[in-house]
>>> print(open('entry.cif').read())   # mmCIF, C-alpha atoms
data_query
loop_
_atom_site.label_atom_id
_atom_site.label_comp_id
_atom_site.auth_asym_id
_atom_site.auth_seq_id
_atom_site.Cartn_x
_atom_site.Cartn_y
_atom_site.Cartn_z
CA MET G 1 16.01 -7.00 -11.04
CA LYS G 2 16.22 -4.80 -14.18
CA LYS G 3 12.48 -5.21 -14.70
CA GLN G 4 11.75 -4.21 -11.09
CA LEU G 5 14.04 -1.19 -11.34
CA THR G 6 12.33 -0.12 -14.58
CA TYR G 7 8.88 -0.37 -12.96
CA GLY G 8 10.12 1.49 -9.89
CA LEU G 9 11.51 4.32 -12.01
CA LEU G 10 8.26 4.46 -14.00
CA LEU G 11 6.21 4.81 -10.80
CA ALA G 12 8.61 7.47 -9.48
CA ALA G 13 8.31 9.39 -12.76
CA MET G 14 4.51 9.23 -12.52
CA GLY G 15 4.73 10.60 -8.97
CA PHE G 16 7.07 13.37 -10.11
CA GLY G 17 4.68 14.24 -12.95
CA LEU G 18 1.76 14.37 -10.53
CA ASN G 19 3.85 16.59 -8.27
CA GLN G 20 4.55 18.99 -11.15
CA GLU G 21 0.83 19.13 -11.95
CA THR G 22 -0.01 20.02 -8.35
CA LYS G 23 2.28 23.06 -8.27
CA ALA G 24 -0.28 25.08 -10.23
CA GLN G 25 -3.21 23.71 -8.22
CA GLN G 26 -4.27 23.84 -4.63
CA VAL G 27 -3.31 20.79 -2.60
CA ASP G 28 -4.03 19.28 0.80
CA PHE G 29 -1.18 17.91 2.89
CA GLY G 30 -1.90 15.44 5.61
CA VAL G 31 -0.74 12.64 7.88
CA LYS G 32 -2.42 9.32 8.53
CA ILE G 33 -2.20 6.25 10.73
CA GLY G 34 -4.09 3.00 10.67
CA GLY G 35 -4.24 -0.75 10.68
CA GLN G 36 -3.84 -3.35 7.95
CA TYR G 37 -4.99 -6.94 7.60
CA HIS G 38 -2.58 -9.03 5.51
CA MET G 39 -3.94 -12.06 3.67
CA PRO G 40 -1.09 -13.29 1.44
CA SER G 41 -1.93 -15.78 -1.25
CA PHE G 42 0.37 -18.79 -1.63
CA GLY G 43 0.29 -20.66 -4.92
CA SER G 44 3.01 -23.10 -3.94
CA GLY G 45 1.93 -26.58 -2.90
CA ILE G 46 4.59 -26.71 -0.16
CA VAL G 47 2.64 -24.19 1.97
CA LYS G 48 0.11 -26.29 3.87
CA SER G 49 -1.65 -23.53 5.82
CA SER G 50 -1.35 -19.81 6.45
CA ASP G 51 -2.66 -17.30 8.97
CA SER G 52 -3.48 -13.70 8.20
CA LYS G 53 -2.31 -11.09 10.69
CA PHE G 54 -2.88 -7.44 11.55
CA GLY G 55 -0.23 -4.79 11.01
CA VAL G 56 0.12 -1.01 11.29
CA GLN G 57 0.72 1.78 8.81
CA ALA G 58 1.63 5.47 9.07
CA GLY G 59 2.53 8.13 6.57
CA ALA G 60 1.93 11.46 4.89
CA PHE G 61 -0.01 12.38 1.75
CA VAL G 62 -0.53 15.14 -0.78
CA ARG G 63 -3.92 15.39 -2.54
CA THR G 64 -5.12 17.87 -5.14
CA LYS G 65 -8.40 19.66 -4.39
CA GLU G 66 -10.15 19.19 -7.76
CA ARG G 67 -13.14 16.87 -8.22
CA LEU G 68 -10.90 14.53 -10.29
CA TYR G 69 -7.91 14.40 -7.98
CA GLY G 70 -4.46 12.90 -7.71
CA GLN G 71 -2.91 11.67 -4.48
CA VAL G 72 0.62 10.57 -3.60
CA ASP G 73 1.48 9.02 -0.23
CA LEU G 74 4.73 8.08 1.44
CA GLY G 75 4.36 5.68 4.31
CA ILE G 76 5.73 2.82 6.29
CA SER G 77 3.96 -0.41 7.18
CA LEU G 78 4.87 -3.11 9.67
CA TYR G 79 3.22 -6.51 9.46
CA LYS G 80 3.72 -10.25 9.68
CA TYR G 81 1.93 -13.41 8.72
CA ALA G 82 2.40 -17.08 9.45
CA TYR G 83 2.52 -20.19 7.28
CA LYS G 84 3.38 -23.87 7.67
CA ILE G 85 5.72 -25.97 5.57
CA ASP G 86 6.38 -29.59 6.60
CA ASN G 87 4.82 -29.04 10.07
CA THR G 88 7.16 -26.11 10.76
CA GLU G 89 5.60 -22.68 11.24
CA TYR G 90 7.29 -19.58 9.88
CA ALA G 91 6.27 -16.03 10.81
CA PRO G 92 8.32 -13.45 8.90
CA LYS G 93 8.04 -9.78 9.88
CA PHE G 94 7.99 -7.18 7.13
CA TYR G 95 9.04 -3.55 7.39
CA GLN G 96 8.06 -1.75 4.19
CA LEU G 97 8.35 1.71 2.72
CA ASN G 98 5.21 2.31 0.62
CA LEU G 99 4.61 4.75 -2.24
CA PRO G 100 0.97 4.65 -3.42
CA ILE G 101 -0.06 6.83 -6.37
CA GLN G 102 -3.82 7.26 -6.86
CA LEU G 103 -6.21 8.88 -9.29
CA GLY G 104 -9.57 9.56 -7.70
CA TYR G 105 -12.96 11.20 -8.04
CA ARG G 106 -14.97 13.07 -5.43
CA VAL G 107 -18.42 11.49 -5.79
CA ILE G 108 -20.13 13.72 -3.22
CA GLU G 109 -18.70 17.07 -2.18
CA THR G 110 -20.25 19.50 0.33
CA ASP G 111 -18.77 22.09 2.69
CA ASN G 112 -18.41 19.59 5.55
CA ILE G 113 -18.21 16.13 3.98
CA THR G 114 -16.73 14.51 0.90
CA LEU G 115 -17.12 10.94 -0.36
CA ARG G 116 -14.37 9.88 -2.76
CA THR G 117 -13.05 6.83 -4.54
CA ALA G 118 -9.69 6.11 -6.21
CA ILE G 119 -7.61 3.53 -8.06
CA GLY G 120 -3.87 3.35 -8.41
CA ALA G 121 -0.62 1.52 -7.94
CA GLN G 122 1.69 1.09 -4.99
CA LEU G 123 5.44 0.49 -4.87
CA ASN G 124 6.65 -1.40 -1.77
CA TYR G 125 10.29 -1.53 -0.69
CA GLN G 126 11.43 -4.03 1.98
CA LEU G 127 13.49 -2.24 4.64
CA LYS G 128 14.62 -5.49 6.32
CA LYS G 129 15.73 -8.81 4.83
CA ASN G 130 13.59 -11.77 5.91
CA LYS G 131 14.63 -15.35 6.48
CA ALA G 132 11.66 -17.63 6.98
CA TYR G 133 12.10 -20.91 5.09
CA THR G 134 13.36 -18.88 2.14
CA ASP G 135 15.49 -15.77 2.06
CA ASN G 136 14.39 -15.00 -1.49
CA PHE G 137 11.71 -12.44 -0.63
CA ASN G 138 11.70 -9.68 -3.24
CA ASN G 139 12.96 -6.31 -2.02
CA ILE G 140 10.54 -4.47 -4.33
CA THR G 141 6.91 -5.40 -4.96
CA TYR G 142 4.04 -3.68 -6.79
CA ASP G 143 0.37 -3.66 -5.94
CA GLY G 144 -2.76 -2.44 -7.66
CA LEU G 145 -5.13 -0.67 -5.27
CA ILE G 146 -8.67 0.60 -4.89
CA ASN G 147 -9.71 3.07 -2.22
CA ILE G 148 -12.90 4.52 -0.86
CA GLY G 149 -12.73 7.40 1.57
CA THR G 150 -14.49 10.26 3.22
CA ASP G 151 -13.37 13.65 4.43
CA ILE G 152 -15.22 15.18 7.38
CA LYS G 153 -13.94 18.73 7.84
CA GLN G 154 -10.15 18.27 8.32
CA PHE G 155 -10.28 14.52 9.03
CA SER G 156 -10.02 11.72 6.46
CA ILE G 157 -11.03 8.06 6.74
CA ASP G 158 -9.85 5.63 4.05
CA LEU G 159 -10.55 1.96 3.36
CA LYS G 160 -8.06 0.53 0.84
CA TYR G 161 -7.52 -2.87 -0.79
CA ASN G 162 -4.15 -3.75 -2.32
CA HIS G 163 -3.58 -6.77 -4.55
CA GLY G 164 -0.04 -7.86 -5.47
CA ILE G 165 1.00 -7.58 -9.11
CA ASN G 166 4.37 -9.27 -8.76
CA LYS G 167 5.36 -12.01 -6.32
CA LEU G 168 6.69 -11.36 -2.84
CA SER G 169 8.41 -14.75 -3.11
CA LYS G 170 8.79 -16.87 -6.26
CA GLU G 171 9.64 -19.98 -4.24
CA LEU G 172 6.45 -19.74 -2.16
CA ASP G 173 4.46 -18.24 -5.07
CA ALA G 174 3.31 -15.56 -2.59
CA LYS G 175 1.54 -12.31 -3.45
CA ASN G 176 0.37 -9.44 -1.24
CA ARG G 177 -3.31 -8.96 -0.46
CA VAL G 178 -4.00 -6.23 2.07
CA ILE G 179 -7.04 -4.44 3.48
CA GLY G 180 -6.17 -1.21 5.27
CA LEU G 181 -8.17 1.28 7.30
CA SER G 182 -6.60 4.63 8.15
CA VAL G 183 -7.53 7.91 9.80
CA GLY G 184 -5.85 11.09 8.64
CA TYR G 185 -5.67 14.79 9.36
CA ARG G 186 -5.38 17.38 6.57
CA PHE G 187 -3.55 20.66 7.24
#
>>> encode(input="entry.cif", output="structure tokens")
Amino acid sequence: MKKQLTYGLLLAAMGFGLNQETKAQQVDFGVKIGGQYHMPSFGSGIVKSSDSKFGVQAGAFVRTKERLYGQVDLGISLYKYAYKIDNTEYAPKFYQLNLPIQLGYRVIETDNITLRTAIGAQLNYQLKKNKAYTDNFNNITYDGLINIGTDIKQFSIDLKYNHGINKLSKELDAKNRVIGLSVGYRF
């Protein structure tokens, strides 16, 4: 738990530092909503099969306007997936608070359209305790992420892939793997 708290504080400090940098720069504020496809990986031999499921996400973001940009989001995601252990199916539902921090580059930038790409990290906090075979799901998980997006006038479209750094469950040897597609509006 100490290690997770240390990583969480480090990510929060990075977000605070990015926020301080943006005070002197112009920023875009926006909201977004979208879908996610969750494909958890299970390394444990007790999991005999698993099914990926769709979920939803919503949130707000702040993005600097420079060619090399920073972006911080705060969002919520709701999803579930199913897996079998000893012919019994479990389908836990997850309610997460997400804090992605990204560093990106605008590859193409015109008056009406922008194509951008980014990498970063995401902190996930479980808002609800799960009990599905095990009740030892971690409350805090970390993901690495890559993103490709476009801005068309005031609208944004993003395709993001998250890959778990730490385990969602040690007992199941489960890690997050998520593909998300969102549509946003910048103010």
>>> resolve_selection(input="entry.cif", expression="the PyMOL selection byres ((chain G and resi 71-74) around 7)", output="ChimeraX atom specification")
/G:15,59-64,69-70,75,98-103
>>> resolve_selection(input="entry.cif", expression="the PyMOL selection byres ((chain G and resi 155-157) around 8)", output="ChimeraX atom specification")
/G:149-154,158-159,181-186
>>> residues_near_point(input="entry.cif", point="(-0.6, -18.7, -5.6)", cutoff="10 Å", atoms="all atoms listed in the file", output="number ranges by chain")
G: 40-45, 47, 167, 170, 172-175
>>> closest_residue(input="entry.cif", among="G:Lys128, G:Lys160, G:Lys65, G:Lys32", to="Gln96 in chain G", atoms="all atoms listed in the file")
G:Lys128
>>> atom_distance(input="entry.cif", atom1="CA of Gly180 in chain G", atom2="CA of Ile46 in chain G")
28.2 Å
>>> closest_residue(input="entry.cif", among="G:Val107, G:Ile113, G:Leu78, G:Ala91", to="Gln126 in chain G", atoms="only C-alpha atoms")
G:Leu78
>>> atom_distance(input="entry.cif", atom1="CA of Leu145 in chain G", atom2="CA of Glu89 in chain G")
29.5 Å
>>> axis_aligned_box(input="entry.cif", around="range 91-98 of chain G", padding_each_side="5 Å", output="AutoDock Vina command-line options")
--center_x 7.1 --center_y -6.9 --center_z 5.7 --size_x 13.8 --size_y 28.3 --size_z 20.2
>>> resolve_selection(input="entry.cif", expression="the PyMOL selection byres ((chain G and resi 81) around 8)", output="MDAnalysis selection string")
chainID G and resid 38:40 50:53 79:80 82:83 91:93
>>> write_last_selection(input="entry.cif", atoms="C-alpha atoms", output="JSON list (two decimals), in the coordinates of the input")
[["chain", "number", "residue", "atom", "x", "y", "z"],
["G", 38, "HIS", "CA", -2.58, -9.03, 5.51],
["G", 39, "MET", "CA", -3.94, -12.06, 3.67],
["G", 40, "PRO", "CA", -1.09, -13.29, 1.44],
["G", 50, "SER", "CA", -1.35, -19.81, 6.45],
["G", 51, "ASP", "CA", -2.66, -17.30, 8.97],
["G", 52, "SER", "CA", -3.48, -13.70, 8.20],
["G", 53, "LYS", "CA", -2.31, -11.09, 10.69],
["G", 79, "TYR", "CA", 3.22, -6.51, 9.46],
["G", 80, "LYS", "CA", 3.72, -10.25, 9.68],
["G", 82, "ALA", "CA", 2.40, -17.08, 9.45],
["G", 83, "TYR", "CA", 2.52, -20.19, 7.28],
["G", 91, "ALA", "CA", 6.27, -16.03, 10.81],
["G", 92, "PRO", "CA", 8.32, -13.45, 8.90],
["G", 93, "LYS", "CA", 8.04, -9.78, 9.88]]
